[in-house]
>>> print(open('work-v9.cif').read())   # mmCIF, C-alpha atoms
data_my_file
#
loop_
_atom_site.label_atom_id
_atom_site.label_comp_id
_atom_site.auth_asym_id
_atom_site.auth_seq_id
_atom_site.Cartn_x
_atom_site.Cartn_y
_atom_site.Cartn_z
CA MET A 1 15.63 16.78 -2.86
CA ARG A 2 17.90 14.99 -5.32
CA LYS A 3 17.41 15.48 -9.04
CA VAL A 4 15.59 12.73 -10.96
CA PRO A 5 18.51 12.01 -13.37
CA ALA A 6 20.82 11.34 -10.42
CA ILE A 7 18.29 8.97 -8.88
CA LEU A 8 17.86 7.16 -12.22
CA ARG A 9 21.62 6.80 -12.61
CA GLN A 10 21.86 5.26 -9.15
CA ALA A 11 18.94 2.95 -9.89
CA ARG A 12 20.51 1.77 -13.15
CA LYS A 13 23.81 1.17 -11.37
CA ALA A 14 22.05 -0.82 -8.62
CA ILE A 15 20.25 -2.96 -11.20
CA GLY A 16 23.54 -3.51 -13.05
CA ASP A 17 25.31 -4.51 -9.84
CA LEU A 18 22.52 -6.98 -9.00
CA ASP A 19 22.75 -8.50 -12.48
CA LEU A 20 26.51 -8.82 -12.11
CA LEU A 21 26.09 -10.32 -8.65
CA LYS A 22 23.70 -12.97 -10.02
CA ILE A 23 26.16 -13.88 -12.77
CA VAL A 24 29.05 -14.12 -10.31
CA GLN A 25 27.02 -16.28 -7.90
CA SER A 26 25.95 -18.52 -10.77
CA GLU A 27 29.57 -18.93 -11.86
CA ILE A 28 30.66 -19.77 -8.30
CA ASN A 29 27.91 -22.38 -7.97
CA HIS A 30 28.91 -23.87 -11.31
CA GLU A 31 32.59 -24.13 -10.37
CA LEU A 32 31.82 -25.63 -6.95
CA SER A 33 29.32 -28.14 -8.35
CA THR A 34 31.42 -29.37 -11.27
CA LYS A 35 34.94 -29.30 -9.77
CA PRO A 36 36.54 -30.88 -12.83
CA PHE A 37 39.96 -31.16 -11.16
CA GLN A 38 39.46 -30.59 -7.43
CA ASN A 39 38.13 -34.11 -6.89
CA ASP A 40 41.21 -35.69 -8.46
CA GLU A 41 43.84 -36.71 -5.97
CA SER A 42 47.17 -34.95 -6.36
CA ARG A 43 49.79 -37.20 -7.89
CA SER A 44 53.40 -37.71 -7.03
CA PHE A 45 56.17 -35.78 -8.75
CA GLY A 46 58.52 -38.67 -8.07
CA ASP A 47 61.74 -37.51 -6.46
CA PHE A 48 61.01 -33.87 -7.22
CA VAL A 49 60.15 -31.54 -4.36
CA VAL A 50 58.12 -28.34 -4.71
CA ASP A 51 60.45 -25.36 -4.37
CA TRP A 52 57.96 -22.59 -5.26
CA ASP A 53 54.17 -22.66 -5.42
CA SER A 54 52.79 -19.34 -4.23
CA PRO A 55 48.98 -18.97 -4.11
CA GLN A 56 49.42 -15.55 -5.72
CA SER A 57 51.42 -16.79 -8.71
CA GLN A 58 50.55 -18.97 -11.69
CA ASP A 59 53.82 -20.88 -11.87
CA VAL A 60 55.40 -23.72 -9.92
CA VAL A 61 59.07 -24.69 -9.49
CA LEU A 62 60.25 -28.20 -8.65
CA ARG A 63 63.76 -29.47 -7.93
CA LYS A 64 65.57 -32.73 -7.39
CA ARG A 65 69.11 -33.97 -6.87
CA CYS A 66 69.98 -37.19 -8.67
CA GLU A 67 72.17 -39.92 -7.20
CA SER A 68 74.86 -38.81 -9.64
CA GLY A 69 74.86 -35.38 -8.02
CA GLU A 70 73.14 -33.69 -10.94
CA GLU A 71 70.59 -31.02 -10.10
CA VAL A 72 67.36 -30.83 -12.08
CA ALA A 73 64.97 -27.87 -11.86
CA VAL A 74 61.59 -27.55 -13.59
CA SER A 75 59.57 -24.34 -13.80
CA ALA A 76 56.12 -24.52 -15.37
CA LEU A 77 52.92 -22.58 -15.94
CA LEU A 78 49.79 -23.08 -17.99
CA GLY A 79 49.58 -21.91 -21.58
CA VAL A 80 46.70 -21.60 -24.00
CA GLU A 81 43.80 -23.99 -24.44
CA GLY A 82 44.17 -26.62 -27.11
CA SER A 83 41.77 -27.18 -29.98
CA ASN A 84 40.71 -30.66 -28.82
CA GLU A 85 37.83 -30.49 -26.33
CA ASN A 86 37.88 -34.24 -25.61
CA VAL A 87 41.08 -34.26 -23.57
CA LYS A 88 41.13 -34.22 -19.77
CA PHE A 89 43.30 -31.10 -19.38
CA PRO A 90 42.24 -28.32 -21.77
CA ARG A 91 45.41 -26.24 -21.42
CA GLU A 92 49.01 -27.13 -22.11
CA ALA A 93 51.87 -26.36 -19.76
CA PHE A 94 55.11 -24.63 -20.68
CA MET A 95 58.10 -26.19 -18.93
CA LYS A 96 61.70 -25.09 -18.65
CA VAL A 97 63.92 -27.94 -17.49
CA GLY A 98 67.44 -27.15 -16.31
CA VAL A 99 70.06 -29.86 -15.73
CA LYS A 100 73.34 -28.99 -14.02
CA LYS A 101 76.30 -31.31 -13.49
CA PRO A 102 77.90 -31.39 -10.04
CA GLY A 103 80.77 -28.96 -9.72
CA LEU A 104 79.76 -26.98 -12.81
CA ARG A 105 77.81 -23.73 -13.06
CA SER A 106 76.91 -24.22 -16.72
CA MET A 107 73.69 -26.09 -17.52
CA LEU A 108 71.48 -27.51 -20.23
CA GLN A 109 68.06 -25.91 -20.56
CA PHE A 110 65.19 -27.68 -22.31
CA ASP A 111 62.09 -25.75 -23.42
CA CYS A 112 59.21 -28.23 -23.29
CA VAL A 113 55.43 -28.33 -23.61
CA ALA A 114 53.28 -30.80 -21.66
CA THR A 115 49.93 -31.70 -23.22
CA SER A 116 46.98 -33.95 -22.54
CA ARG A 117 46.25 -36.68 -25.05
CA LEU A 118 42.99 -38.39 -25.96
CA GLY A 119 42.01 -40.68 -23.11
CA ASP A 120 43.84 -40.25 -19.81
CA GLY A 121 47.37 -39.99 -21.14
CA CYS A 122 49.73 -37.02 -21.16
CA ASP A 123 52.94 -36.37 -23.02
CA PHE A 124 55.59 -33.70 -23.41
CA GLU A 125 57.51 -32.31 -26.36
CA VAL A 126 60.96 -30.73 -26.43
CA HIS A 127 60.99 -27.57 -28.54
CA ASN A 128 64.45 -26.18 -27.83
CA VAL A 129 67.69 -27.14 -26.13
CA ASN A 130 70.15 -24.49 -25.00
CA TYR A 131 73.57 -24.71 -23.41
CA ILE A 132 73.89 -21.96 -20.81
CA PRO A 133 77.52 -21.37 -19.83
CA SER A 134 78.89 -20.34 -16.48
CA PRO A 135 78.85 -16.56 -16.01
CA ASP A 136 82.49 -16.85 -14.95
CA LEU A 137 83.50 -18.06 -18.42
CA ASP A 138 83.74 -16.27 -21.74
CA SER A 139 80.24 -16.71 -23.14
CA SER A 140 81.37 -16.15 -26.72
CA ALA A 141 83.68 -19.15 -26.42
CA CYS A 142 81.38 -21.46 -24.49
CA LYS A 143 77.82 -20.82 -25.57
CA GLY A 144 76.48 -23.48 -27.87
CA PRO A 145 73.83 -22.96 -30.51
CA SER A 146 70.14 -22.97 -29.71
CA VAL A 147 68.98 -26.32 -31.03
CA SER A 148 65.52 -26.22 -32.58
CA PHE A 149 64.39 -29.71 -31.71
CA PHE A 150 61.84 -30.37 -34.41
CA SER A 151 63.86 -28.80 -37.20
CA SER A 152 66.66 -31.28 -36.54
CA SER A 153 66.88 -34.07 -39.07
CA ASP A 154 68.69 -36.34 -36.62
CA GLN A 155 65.92 -38.58 -35.30
CA LYS A 156 68.37 -40.47 -33.10
CA LEU A 157 69.37 -37.23 -31.38
CA GLN A 158 65.72 -36.45 -30.71
CA GLU A 159 65.13 -39.87 -29.16
CA GLU A 160 68.25 -39.60 -27.01
CA LEU A 161 67.19 -36.19 -25.69
CA TYR A 162 63.86 -37.68 -24.60
CA LYS A 163 65.66 -40.55 -22.89
CA TYR A 164 68.01 -38.05 -21.23
CA LEU A 165 65.07 -36.24 -19.61
CA GLU A 166 63.16 -39.41 -18.77
CA ALA A 167 66.20 -40.77 -16.93
CA ARG A 168 66.07 -37.64 -14.77
CA GLY A 169 62.38 -37.98 -13.92
CA VAL A 170 60.85 -35.74 -16.59
CA CYS A 171 58.55 -38.26 -18.26
CA LYS A 172 54.92 -38.77 -19.27
CA SER A 173 53.75 -39.50 -15.71
CA PHE A 174 55.54 -36.36 -14.52
CA ALA A 175 53.75 -34.35 -17.22
CA ASP A 176 50.42 -35.80 -16.08
CA SER A 177 51.06 -34.84 -12.43
CA LEU A 178 52.20 -31.37 -13.45
CA LEU A 179 49.14 -30.68 -15.62
CA LEU A 180 46.78 -31.81 -12.86
CA HIS A 181 48.55 -29.65 -10.27
CA LEU A 182 48.51 -26.54 -12.45
CA HIS A 183 44.86 -26.95 -13.47
CA LYS A 184 43.79 -27.44 -9.84
CA LYS A 185 45.85 -24.40 -8.86
CA GLU A 186 44.25 -22.27 -11.57
CA GLN A 187 40.71 -23.36 -10.69
CA GLY A 188 41.27 -22.63 -7.00
CA GLN A 189 42.60 -19.16 -7.83
CA TYR A 190 39.63 -18.50 -10.12
CA VAL A 191 37.08 -19.44 -7.45
CA GLU A 192 38.90 -17.27 -4.90
CA TRP A 193 38.80 -14.34 -7.35
CA LEU A 194 35.06 -14.87 -7.91
CA HIS A 195 34.45 -14.74 -4.15
CA LYS A 196 36.37 -11.46 -3.93
CA LEU A 197 34.36 -10.04 -6.83
CA GLN A 198 31.15 -11.18 -5.14
CA ALA A 199 32.11 -9.34 -1.96
CA ILE A 200 32.75 -6.13 -3.91
CA VAL A 201 29.49 -6.08 -5.91
CA THR A 202 27.24 -7.24 -3.03
CA PRO A 203 25.14 -4.23 -1.91
CA SER A 204 25.80 -2.95 1.57
CA GLU A 205 23.18 -3.64 4.19
#
>>> encode(input="work-v9.cif", output="structure tokens")
Amino acid sequence: MRKVPAILRQARKAIGDLDLLKIVQSEINHELSTKPFQNDESRSFGDFVVDWDSPQSQDVVLRKRCESGEEVAVSALLGVEGSNENVKFPREAFMKVGVKKPGLRSMLQFDCVATSRLGDGCDFEVHNVNYIPSPDLDSSACKGPSVSFFSSSDQKLQEELYKYLEARGVCKSFADSLLLHLHKKEQGQYVEWLHKLQAIVTPSE
């Protein structure tokens, strides 16, 4: 005969597992009933094609080749939630945009943040611009300074950098498509994780 304390410990654990199971099932039902992003149709990334979008990872990589021969690559993943609860996408997206000229191994890298605005609009901000030289060249001679975008007093330079990216397909509509894709991806991964947790805490028959 088992000791009473052991039986009580097992009973408490079973009750705790059942409480956890109820919470998990409630969360699954909530996610499936609300579907804040799953009902939205995926939007076009323009000329960009998806190069990496693993179900096990949080990031996505997109690439395109311009008519000029330039190559543009964008890697992105979700960041923290913003303070404004009235926007469509609660989290911002961190983007790294690389632009490489044909025949060169050096590139420009833009550190950007895509955010949702009040209403249905989205926008992106450039926080840094870096010149990354070819590894075959002397980096001390070729590497340019890291340009802190918003500390620059040259408003014209800021505007031209935006136009430079927009001409290569990184624009407000691209930011909107990217935010929707990443939020749908995150929600799908969260629901899948909840189902796995449910299977673990469900008592055996």
>>> closest_residue(input="work-v9.cif", among="A:Lys100, A:His195, A:Lys184, A:His127", to="Val113 (chain A)", atoms="all atoms listed in the file")
A:His127
>>> resolve_selection(input="work-v9.cif", expression="the PyMOL selection byres ((chain A and resi 168) around 12)", output="compact mmCIF listing (two decimals) with C-alpha atoms, in the coordinates of the input")
# COMPACT_ATOMS: atom_id res chain seq x y z
CA PHE A 45 56.17 -35.78 -8.75
CA GLY A 46 58.52 -38.67 -8.07
CA ASP A 47 61.74 -37.51 -6.46
CA PHE A 48 61.01 -33.87 -7.22
CA ARG A 63 63.76 -29.47 -7.93
CA LYS A 64 65.57 -32.73 -7.39
CA ARG A 65 69.11 -33.97 -6.87
CA CYS A 66 69.98 -37.19 -8.67
CA GLU A 67 72.17 -39.92 -7.20
CA SER A 68 74.86 -38.81 -9.64
CA GLY A 69 74.86 -35.38 -8.02
CA GLU A 70 73.14 -33.69 -10.94
CA GLU A 71 70.59 -31.02 -10.10
CA VAL A 72 67.36 -30.83 -12.08
CA ALA A 73 64.97 -27.87 -11.86
CA VAL A 74 61.59 -27.55 -13.59
CA VAL A 97 63.92 -27.94 -17.49
CA GLY A 98 67.44 -27.15 -16.31
CA VAL A 99 70.06 -29.86 -15.73
CA LYS A 100 73.34 -28.99 -14.02
CA LEU A 161 67.19 -36.19 -25.69
CA TYR A 162 63.86 -37.68 -24.60
CA LYS A 163 65.66 -40.55 -22.89
CA TYR A 164 68.01 -38.05 -21.23
CA LEU A 165 65.07 -36.24 -19.61
CA GLU A 166 63.16 -39.41 -18.77
CA ALA A 167 66.20 -40.77 -16.93
CA GLY A 169 62.38 -37.98 -13.92
CA VAL A 170 60.85 -35.74 -16.59
CA CYS A 171 58.55 -38.26 -18.26
CA PHE A 174 55.54 -36.36 -14.52
>>> resolve_selection(input="work-v9.cif", expression="the PyMOL selection byres ((chain A and resi 28) around 10)", output="JSON, numbers by chain")
{"A": [22, 23, 24, 25, 26, 27, 29, 30, 31, 32, 33, 190, 191, 192, 193, 194, 195, 198]}
>>> closest_residue(input="work-v9.cif", among="A:Ala175, A:Ala76, A:Leu157, A:Leu197", to="Ser116 (chain A)", atoms="all atoms listed in the file")
A:Ala175
>>> atom_distance(input="work-v9.cif", atom1="CA of Gln158 (chain A)", atom2="CA of Glu125 (chain A)")
10.2 Å
>>> resolve_selection(input="work-v9.cif", expression="the PyMOL selection byres ((chain A and resi 80) around 6)", output="list in words")
Gly79, Glu81 and Arg91 of chain A
>>> atom_distance(input="work-v9.cif", atom1="CA of Asp111 (chain A)", atom2="CA of Asn130 (chain A)")
8.3 Å
>>> atom_distance(input="work-v9.cif", atom1="CA of Pro90 (chain A)", atom2="CA of His183 (chain A)")
8.8 Å
>>> closest_residue(input="work-v9.cif", among="A:Leu21, A:Ser177, A:Val87, A:Arg105", to="Ala199 (chain A)", atoms="all atoms listed in the file")
A:Leu21
>>> closest_residue(input="work-v9.cif", among="A:Val129, A:Leu179, A:Val50, A:Leu118", to="Ala93 (chain A)", atoms="all atoms listed in the file")
A:Leu179
>>> closest_residue(input="work-v9.cif", among="A:Glu160, A:Ser204, A:Arg117, A:Leu182", to="Met95 (chain A)", atoms="all atoms listed in the file")
A:Leu182
>>> closest_residue(input="work-v9.cif", among="A:Asp123, A:Asp154, A:Asp51, A:Asp59", to="Leu78 (chain A)", atoms="all atoms listed in the file")
A:Asp59
>>> build_atoms(input="work-v9.cif", residues="region 180-198 of chain A", atoms="N, CA, C and O atoms", output="PDB file, in the frame of the given file")
ATOM      1  N   LEU A 180      47.841 -31.759 -13.870  1.00  0.00           N
ATOM      2  CA  LEU A 180      46.780 -31.810 -12.860  1.00  0.00           C
ATOM      3  C   LEU A 180      47.017 -30.743 -11.797  1.00  0.00           C
ATOM      4  O   LEU A 180      46.092 -30.013 -11.415  1.00  0.00           O
ATOM      5  N   HIS A 181      48.238 -30.630 -11.310  1.00  0.00           N
ATOM      6  CA  HIS A 181      48.550 -29.650 -10.270  1.00  0.00           C
ATOM      7  C   HIS A 181      48.270 -28.231 -10.736  1.00  0.00           C
ATOM      8  O   HIS A 181      47.649 -27.434 -10.013  1.00  0.00           O
ATOM      9  N   LEU A 182      48.692 -27.896 -11.949  1.00  0.00           N
ATOM     10  CA  LEU A 182      48.510 -26.540 -12.450  1.00  0.00           C
ATOM     11  C   LEU A 182      47.045 -26.214 -12.729  1.00  0.00           C
ATOM     12  O   LEU A 182      46.588 -25.092 -12.489  1.00  0.00           O
ATOM     13  N   HIS A 183      46.280 -27.196 -13.228  1.00  0.00           N
ATOM     14  CA  HIS A 183      44.860 -26.950 -13.470  1.00  0.00           C
ATOM     15  C   HIS A 183      44.094 -26.787 -12.150  1.00  0.00           C
ATOM     16  O   HIS A 183      43.193 -25.939 -12.047  1.00  0.00           O
ATOM     17  N   LYS A 184      44.434 -27.594 -11.142  1.00  0.00           N
ATOM     18  CA  LYS A 184      43.790 -27.440  -9.840  1.00  0.00           C
ATOM     19  C   LYS A 184      44.149 -26.085  -9.223  1.00  0.00           C
ATOM     20  O   LYS A 184      43.307 -25.421  -8.616  1.00  0.00           O
ATOM     21  N   LYS A 185      45.387 -25.691  -9.382  1.00  0.00           N
ATOM     22  CA  LYS A 185      45.850 -24.400  -8.860  1.00  0.00           C
ATOM     23  C   LYS A 185      45.081 -23.258  -9.521  1.00  0.00           C
ATOM     24  O   LYS A 185      44.598 -22.347  -8.844  1.00  0.00           O
ATOM     25  N   GLU A 186      44.953 -23.329 -10.845  1.00  0.00           N
ATOM     26  CA  GLU A 186      44.250 -22.270 -11.570  1.00  0.00           C
ATOM     27  C   GLU A 186      42.783 -22.211 -11.165  1.00  0.00           C
ATOM     28  O   GLU A 186      42.227 -21.122 -10.946  1.00  0.00           O
ATOM     29  N   GLN A 187      42.128 -23.368 -11.043  1.00  0.00           N
ATOM     30  CA  GLN A 187      40.710 -23.360 -10.690  1.00  0.00           C
ATOM     31  C   GLN A 187      40.503 -22.792  -9.284  1.00  0.00           C
ATOM     32  O   GLN A 187      39.562 -22.020  -9.043  1.00  0.00           O
ATOM     33  N   GLY A 188      41.375 -23.169  -8.350  1.00  0.00           N
ATOM     34  CA  GLY A 188      41.270 -22.630  -7.000  1.00  0.00           C
ATOM     35  C   GLY A 188      41.442 -21.119  -6.976  1.00  0.00           C
ATOM     36  O   GLY A 188      40.726 -20.411  -6.260  1.00  0.00           O
ATOM     37  N   GLN A 189      42.388 -20.603  -7.756  1.00  0.00           N
ATOM     38  CA  GLN A 189      42.600 -19.160  -7.830  1.00  0.00           C
ATOM     39  C   GLN A 189      41.397 -18.461  -8.458  1.00  0.00           C
ATOM     40  O   GLN A 189      41.031 -17.363  -8.044  1.00  0.00           O
ATOM     41  N   TYR A 190      40.792 -19.103  -9.453  1.00  0.00           N
ATOM     42  CA  TYR A 190      39.630 -18.500 -10.120  1.00  0.00           C
ATOM     43  C   TYR A 190      38.440 -18.406  -9.167  1.00  0.00           C
ATOM     44  O   TYR A 190      37.773 -17.362  -9.094  1.00  0.00           O
ATOM     45  N   VAL A 191      38.191 -19.462  -8.406  1.00  0.00           N
ATOM     46  CA  VAL A 191      37.080 -19.440  -7.450  1.00  0.00           C
ATOM     47  C   VAL A 191      37.334 -18.391  -6.368  1.00  0.00           C
ATOM     48  O   VAL A 191      36.415 -17.667  -5.958  1.00  0.00           O
ATOM     49  N   GLU A 192      38.569 -18.284  -5.911  1.00  0.00           N
ATOM     50  CA  GLU A 192      38.900 -17.270  -4.900  1.00  0.00           C
ATOM     51  C   GLU A 192      38.667 -15.875  -5.460  1.00  0.00           C
ATOM     52  O   GLU A 192      38.145 -14.996  -4.764  1.00  0.00           O
ATOM     53  N   TRP A 193      39.032 -15.648  -6.721  1.00  0.00           N
ATOM     54  CA  TRP A 193      38.800 -14.340  -7.350  1.00  0.00           C
ATOM     55  C   TRP A 193      37.312 -14.050  -7.475  1.00  0.00           C
ATOM     56  O   TRP A 193      36.873 -12.923  -7.254  1.00  0.00           O
ATOM     57  N   LEU A 194      36.511 -15.064  -7.813  1.00  0.00           N
ATOM     58  CA  LEU A 194      35.060 -14.870  -7.910  1.00  0.00           C
ATOM     59  C   LEU A 194      34.475 -14.478  -6.561  1.00  0.00           C
ATOM     60  O   LEU A 194      33.587 -13.614  -6.487  1.00  0.00           O
ATOM     61  N   HIS A 195      34.948 -15.083  -5.480  1.00  0.00           N
ATOM     62  CA  HIS A 195      34.450 -14.740  -4.150  1.00  0.00           C
ATOM     63  C   HIS A 195      34.802 -13.286  -3.805  1.00  0.00           C
ATOM     64  O   HIS A 195      33.988 -12.572  -3.192  1.00  0.00           O
ATOM     65  N   LYS A 196      35.991 -12.847  -4.189  1.00  0.00           N
ATOM     66  CA  LYS A 196      36.370 -11.460  -3.930  1.00  0.00           C
ATOM     67  C   LYS A 196      35.506 -10.502  -4.732  1.00  0.00           C
ATOM     68  O   LYS A 196      35.081  -9.454  -4.234  1.00  0.00           O
ATOM     69  N   LEU A 197      35.234 -10.868  -5.989  1.00  0.00           N
ATOM     70  CA  LEU A 197      34.360 -10.040  -6.830  1.00  0.00           C
ATOM     71  C   LEU A 197      32.947  -9.992  -6.259  1.00  0.00           C
ATOM     72  O   LEU A 197      32.305  -8.943  -6.246  1.00  0.00           O
ATOM     73  N   GLN A 198      32.482 -11.122  -5.759  1.00  0.00           N
ATOM     74  CA  GLN A 198      31.150 -11.180  -5.140  1.00  0.00           C
ATOM     75  C   GLN A 198      31.060 -10.238  -3.956  1.00  0.00           C
ATOM     76  O   GLN A 198      30.061  -9.526  -3.779  1.00  0.00           O
TER      77      GLN A 198
END
